Amino acid sequence: MAEQQQFYLLLSNLMSPDNTVRKQSEETYDTIPGQTKITFLLQAIRDVSAAEEVKQMAAVLLRRLLSSSFEEVYPSLAIDMQTAIKTELLAGIQSEGSSNIRKKVCDIAAELARNLIDDDGNNQWPEILKFLFDSVNSQDVNLREAALHIFWNFPGIFGNQQQHYLEVIKRMLVQCMQDQENPQIRTLAARAASSFILTNERNTALLKHISDLLPGILQAVNESCYCGDDSVLKSLVEVADTAPKYLRPNLEATLQLSLKLCADTNLTNMQRQLALEVIATLSETAAAMLRKHTNIVAQILLLPPPPCREGAAWAMSDELEDDDFDSNAVAGESALDRIACGLGGKIVLPMIKQHIMQMLQNREFSECIVILSQIDSELFNSRWRSRLVFNRSQMLTKKSACS
């Protein structure tokens with residue numbers, strides 16, 4: 001007991017703002033044998049009387065230990081100790097009252113499961129699969145969330161049994177994305193589905209089989225964005241980058257949603273830029289698919305322009321502010337440049353010509369910049385110039401042309 005209390009103190013000191021105390025604690029922690037670390041860390045996580053910050057630090061360190069030193073530590077443990085660790089982790093997920101700690105214990109379980117898949121794809125922890133199935137069908141929303149969190153963290157958890165359980169996995173994700181009472185479950189299910197797609201990006205047959213998960217993912221993207229959460233939208237960007245063909249059956253709906261979010265000024269700049277990133281990414285990874293929907297892509301040109309900055313003073317300045325690089329105007333210009341290069345001049349230039357007179361009716365300086373950037377991108381090509389930089393000479397040239 002005294003040793004465990006000393007270990008709690010060590011964990012607290014590892015979080016100390018005093019560099020000297022923290023460094024000494026790190027050196028002391030490094031001298032503790034790996035097997036002893038596992039025992040003490042697991043006890044700290046399961047101790048209901050321990051402070052939450054101590055339990056949180058213990059969870060982070062245990063996951064890190066399993067991730068970086070699994071082969072040096074875990075196989076040398078006695079079989080009964082290995083069994084005890086698995087049992088305690090699953091029991092901890094079910095009994096932990098803190099949502100934050102519970103998620104971190106799920107991360108540990110996912111990391112352990114990842115390391116317990118052998119070279120033949122056998123999962124040497126079958127109990128965790130039963131736990132997933134039982135939890136996802138539980139009336140306890142915390143357990144359903146835990147199951148999805150583990151699967152999102154390690155979608156390869158079924159190992160060589162994945163094909164056998166594929167229909168069950170699909171049904172599990174669909175069921176969770178249709179949970180009308182718990183939006184957090186719908187969001188996490190969509191993230192888990194996206195993670196599963198990314199893990200199986202080269203398995204064409206599997207992606208086709210689970211293609212009907214996409215409408216649920218898109219719905220979760222829309223809902224979560226208006227709840228201030230862009231995690232599912234980020235997952236959609238990753239799918240567009242890594243597995244763009246998965247989006248083909250619902251490409252129009254994906255583009256329409258991205259365009260809608262991009263145009264909504266009630267959303268944050270980051271969310272709007274991520275929505276535009278979906279389209280820009282697809283122009284690079286699936287240009288042939290995108291060329292069949294140029295009517296939707298063309299609507300990007302008609303999005304409301306951002307307001308002009310501080311007028312002449314900003315245009316004459318040689319100095320770039322950090323906000324300039326993160327602004328919607330710069331993000332939009334970069335995306336249009338990528339779309340033009342991805343789709344090609346024969347596609348993009350007619351779109352610009354079709355809408356340019358309507359756009360020029362708006363004399364906003366910022367809109368003129370966007371217009372000329374598109375023409376510049378198409379007529380002169382990015383190979384003839386370095387990446388567009390808002391320096392004094394370029395701004396003066398563009399302003400003169402618009403005037």
# chains A, B, ... in the order shown; residues from 1 in each chain; ligands from 1
call {"tool": "select_by_dssp", "arguments": {"residues": "region 66-248 of chain A", "states": "alpha helix (DSSP H)", "output": "VMD selection string"}}
result
chain A and resid 66 to 73 79 to 95 99 to 115 126 to 136 141 to 153 162 to 177 183 to 199 204 to 209 214 to 225 231 to 242
call {"tool": "residues_around", "arguments": {"residues": "region 65-69 of chain A", "least_positions_apart": "2", "cutoff": "8 Å", "atoms": "only C-alpha atoms", "output": "ChimeraX atom specification"}}
result
/A:34,61-63,71-74,108,111-112
call {"tool": "residues_around", "arguments": {"residues": "region 239-245 of chain A", "least_positions_apart": "3", "cutoff": "7 Å", "atoms": "only C-alpha atoms", "output": "short mmCIF file (atom, residue, chain, number, x, y, z; two decimals) with all heavy atoms, in the first residue's frame"}}
result
data_model
loop_
_atom_site.label_atom_id
_atom_site.label_comp_id
_atom_site.auth_asym_id
_atom_site.auth_seq_id
_atom_site.Cartn_x
_atom_site.Cartn_y
_atom_site.Cartn_z
N SER A 194 -16.06 5.59 -40.75
CA SER A 194 -15.02 6.21 -41.59
C SER A 194 -13.67 5.55 -41.33
O SER A 194 -12.90 5.29 -42.27
CB SER A 194 -14.94 7.71 -41.31
OG SER A 194 -16.16 8.35 -41.59
N LEU A 198 -11.30 3.57 -44.06
CA LEU A 198 -9.90 3.92 -44.30
C LEU A 198 -8.99 2.72 -44.10
O LEU A 198 -8.03 2.53 -44.84
CB LEU A 198 -9.48 5.06 -43.38
CG LEU A 198 -10.17 6.41 -43.62
CD1 LEU A 198 -9.83 7.40 -42.52
CD2 LEU A 198 -9.77 6.98 -44.97
N GLU A 201 -9.22 0.43 -47.26
CA GLU A 201 -9.27 1.24 -48.49
C GLU A 201 -9.01 0.44 -49.76
O GLU A 201 -9.53 0.78 -50.83
CB GLU A 201 -8.23 2.37 -48.39
CG GLU A 201 -6.80 1.86 -48.18
CD GLU A 201 -5.78 2.98 -48.26
OE1 GLU A 201 -5.69 3.61 -49.32
OE2 GLU A 201 -5.10 3.20 -47.25
N SER A 235 -13.13 13.41 -40.82
CA SER A 235 -13.10 12.02 -41.30
C SER A 235 -13.50 11.94 -42.76
O SER A 235 -12.92 11.15 -43.53
CB SER A 235 -14.03 11.14 -40.45
OG SER A 235 -13.61 11.08 -39.11
N LEU A 236 -14.48 12.75 -43.17
CA LEU A 236 -14.91 12.75 -44.56
C LEU A 236 -13.79 13.25 -45.47
O LEU A 236 -13.60 12.73 -46.58
CB LEU A 236 -16.15 13.63 -44.72
CG LEU A 236 -16.77 13.68 -46.12
CD1 LEU A 236 -17.23 12.29 -46.57
CD2 LEU A 236 -17.94 14.66 -46.16
N ARG A 248 -18.29 7.42 -54.59
CA ARG A 248 -18.90 7.48 -55.92
C ARG A 248 -20.42 7.31 -55.92
O ARG A 248 -21.12 8.12 -56.55
CB ARG A 248 -18.26 6.43 -56.83
CG ARG A 248 -18.68 6.57 -58.31
CD ARG A 248 -18.41 5.28 -59.08
NE ARG A 248 -17.03 4.89 -59.01
CZ ARG A 248 -16.08 5.30 -59.87
NH1 ARG A 248 -16.40 6.12 -60.86
NH2 ARG A 248 -14.84 4.89 -59.73
N VAL A 278 -13.03 19.07 -48.85
CA VAL A 278 -13.57 17.82 -49.40
C VAL A 278 -13.58 17.89 -50.92
O VAL A 278 -13.13 16.96 -51.61
CB VAL A 278 -14.99 17.55 -48.87
CG1 VAL A 278 -15.60 16.34 -49.58
CG2 VAL A 278 -14.98 17.33 -47.36
N THR A 281 -9.96 18.22 -52.40
CA THR A 281 -9.27 16.93 -52.32
C THR A 281 -9.75 15.97 -53.41
O THR A 281 -8.96 15.29 -54.06
CB THR A 281 -9.46 16.30 -50.93
OG1 THR A 281 -8.90 17.16 -49.94
CG2 THR A 281 -8.78 14.94 -50.85
N LEU A 282 -11.07 15.92 -53.60
CA LEU A 282 -11.62 15.05 -54.64
C LEU A 282 -11.16 15.46 -56.03
O LEU A 282 -11.00 14.61 -56.91
CB LEU A 282 -13.14 15.06 -54.57
CG LEU A 282 -13.77 14.26 -53.41
CD1 LEU A 282 -15.26 14.52 -53.32
CD2 LEU A 282 -13.49 12.77 -53.58
N THR A 285 -7.82 13.64 -56.11
CA THR A 285 -7.79 12.18 -55.97
C THR A 285 -8.80 11.46 -56.86
O THR A 285 -8.68 10.26 -57.08
CB THR A 285 -8.06 11.77 -54.51
OG1 THR A 285 -9.35 12.25 -54.11
CG2 THR A 285 -7.00 12.37 -53.59
N ALA A 286 -9.81 12.19 -57.33
CA ALA A 286 -10.85 11.56 -58.16
C ALA A 286 -11.38 12.55 -59.18
O ALA A 286 -12.58 12.80 -59.28
CB ALA A 286 -11.98 11.06 -57.27
#
call {"tool": "atom_distance", "arguments": {"atom1": "CA of Gln273 (chain A)", "atom2": "CA of Leu207 (chain A)"}}
result
27.2 Å
call {"tool": "residues_around", "arguments": {"residues": "Asn269 (chain A)", "least_positions_apart": "4", "cutoff": "9 Å", "atoms": "only C-alpha atoms", "output": "list in words"}}
result
Cys262, Thr265, Gln273, Leu274, Asp326, Ser327 and Asn328 of chain A
call {"tool": "residues_around", "arguments": {"residues": "Ile150 (chain A)", "least_positions_apart": "6", "cutoff": "9 Å", "atoms": "only C-alpha atoms", "output": "list of chain:residue names"}}
result
A:Lys103, A:Cys106, A:Asp107, A:Ile108, A:Ala109, A:Ala110, A:Glu111, A:Leu132, A:Ile157, A:Ala192
call {"tool": "write_last_selection", "arguments": {"atoms": "all heavy atoms", "output": "mmCIF file, in the first residue's frame"}}
result
data_model
loop_
_atom_site.group_PDB
_atom_site.id
_atom_site.type_symbol
_atom_site.label_atom_id
_atom_site.label_comp_id
_atom_site.auth_asym_id
_atom_site.auth_seq_id
_atom_site.Cartn_x
_atom_site.Cartn_y
_atom_site.Cartn_z
ATOM 1 N N LYS A 103 -12.879 6.741 -21.607
ATOM 2 C CA LYS A 103 -12.364 6.776 -22.985
ATOM 3 C C LYS A 103 -10.894 6.406 -23.026
ATOM 4 O O LYS A 103 -10.440 5.707 -23.946
ATOM 5 C CB LYS A 103 -12.576 8.169 -23.579
ATOM 6 C CG LYS A 103 -14.022 8.486 -23.904
ATOM 7 C CD LYS A 103 -14.169 9.894 -24.452
ATOM 8 C CE LYS A 103 -15.629 10.217 -24.740
ATOM 9 N NZ LYS A 103 -15.790 11.602 -25.234
ATOM 10 N N CYS A 106 -10.582 2.777 -22.720
ATOM 11 C CA CYS A 106 -10.903 2.200 -24.038
ATOM 12 C C CYS A 106 -9.699 2.270 -24.969
ATOM 13 O O CYS A 106 -9.440 1.335 -25.743
ATOM 14 C CB CYS A 106 -12.083 2.938 -24.664
ATOM 15 S SG CYS A 106 -13.679 2.607 -23.887
ATOM 16 N N ASP A 107 -8.968 3.380 -24.908
ATOM 17 C CA ASP A 107 -7.763 3.519 -25.729
ATOM 18 C C ASP A 107 -6.734 2.455 -25.364
ATOM 19 O O ASP A 107 -6.066 1.890 -26.239
ATOM 20 C CB ASP A 107 -7.151 4.912 -25.536
ATOM 21 C CG ASP A 107 -8.005 6.022 -26.130
ATOM 22 O OD1 ASP A 107 -8.797 5.732 -27.042
ATOM 23 O OD2 ASP A 107 -7.877 7.174 -25.682
ATOM 24 N N ILE A 108 -6.607 2.186 -24.056
ATOM 25 C CA ILE A 108 -5.662 1.152 -23.609
ATOM 26 C C ILE A 108 -6.101 -0.217 -24.126
ATOM 27 O O ILE A 108 -5.293 -1.001 -24.637
ATOM 28 C CB ILE A 108 -5.585 1.125 -22.070
ATOM 29 C CG1 ILE A 108 -5.056 2.453 -21.528
ATOM 30 C CG2 ILE A 108 -4.676 -0.017 -21.604
ATOM 31 C CD1 ILE A 108 -5.184 2.600 -20.019
ATOM 32 N N ALA A 109 -7.403 -0.510 -24.002
ATOM 33 C CA ALA A 109 -7.921 -1.802 -24.472
ATOM 34 C C ALA A 109 -7.698 -1.962 -25.974
ATOM 35 O O ALA A 109 -7.323 -3.042 -26.447
ATOM 36 C CB ALA A 109 -9.411 -1.913 -24.136
ATOM 37 N N ALA A 110 -7.923 -0.898 -26.727
ATOM 38 C CA ALA A 110 -7.710 -0.961 -28.177
ATOM 39 C C ALA A 110 -6.237 -1.193 -28.493
ATOM 40 O O ALA A 110 -5.901 -1.970 -29.410
ATOM 41 C CB ALA A 110 -8.192 0.344 -28.829
ATOM 42 N N GLU A 111 -5.342 -0.548 -27.748
ATOM 43 C CA GLU A 111 -3.902 -0.716 -27.984
ATOM 44 C C GLU A 111 -3.468 -2.139 -27.655
ATOM 45 O O GLU A 111 -2.664 -2.742 -28.386
ATOM 46 C CB GLU A 111 -3.115 0.287 -27.144
ATOM 47 C CG GLU A 111 -1.629 0.327 -27.449
ATOM 48 C CD GLU A 111 -1.347 0.719 -28.883
ATOM 49 O OE1 GLU A 111 -1.998 1.656 -29.394
ATOM 50 O OE2 GLU A 111 -0.478 0.068 -29.519
ATOM 51 N N LEU A 132 -17.472 -6.184 -27.158
ATOM 52 C CA LEU A 132 -17.962 -5.227 -28.156
ATOM 53 C C LEU A 132 -19.399 -5.529 -28.551
ATOM 54 O O LEU A 132 -20.244 -4.632 -28.604
ATOM 55 C CB LEU A 132 -17.066 -5.250 -29.394
ATOM 56 C CG LEU A 132 -15.656 -4.679 -29.267
ATOM 57 C CD1 LEU A 132 -14.947 -4.745 -30.611
ATOM 58 C CD2 LEU A 132 -15.681 -3.253 -28.758
ATOM 59 N N ILE A 157 -9.793 -4.825 -35.284
ATOM 60 C CA ILE A 157 -9.843 -5.653 -34.082
ATOM 61 C C ILE A 157 -10.356 -7.072 -34.347
ATOM 62 O O ILE A 157 -10.055 -7.990 -33.595
ATOM 63 C CB ILE A 157 -10.711 -4.953 -33.005
ATOM 64 C CG1 ILE A 157 -10.482 -5.569 -31.636
ATOM 65 C CG2 ILE A 157 -12.187 -4.970 -33.402
ATOM 66 C CD1 ILE A 157 -11.065 -4.760 -30.487
ATOM 67 N N ALA A 192 -16.422 5.939 -36.514
ATOM 68 C CA ALA A 192 -15.979 4.545 -36.530
ATOM 69 C C ALA A 192 -16.132 3.949 -37.928
ATOM 70 O O ALA A 192 -15.247 3.217 -38.409
ATOM 71 C CB ALA A 192 -16.772 3.735 -35.514
#
call {"tool": "atom_distance", "arguments": {"atom1": "CA of Ala44 (chain A)", "atom2": "CA of Ser16 (chain A)"}}
result
17.9 Å
call {"tool": "closest_residue", "arguments": {"among": "A:Ala50, A:Leu89, A:Ala329, A:Leu251", "to": "Ile128 (chain A)", "atoms": "only C-alpha atoms"}}
result
A:Leu89
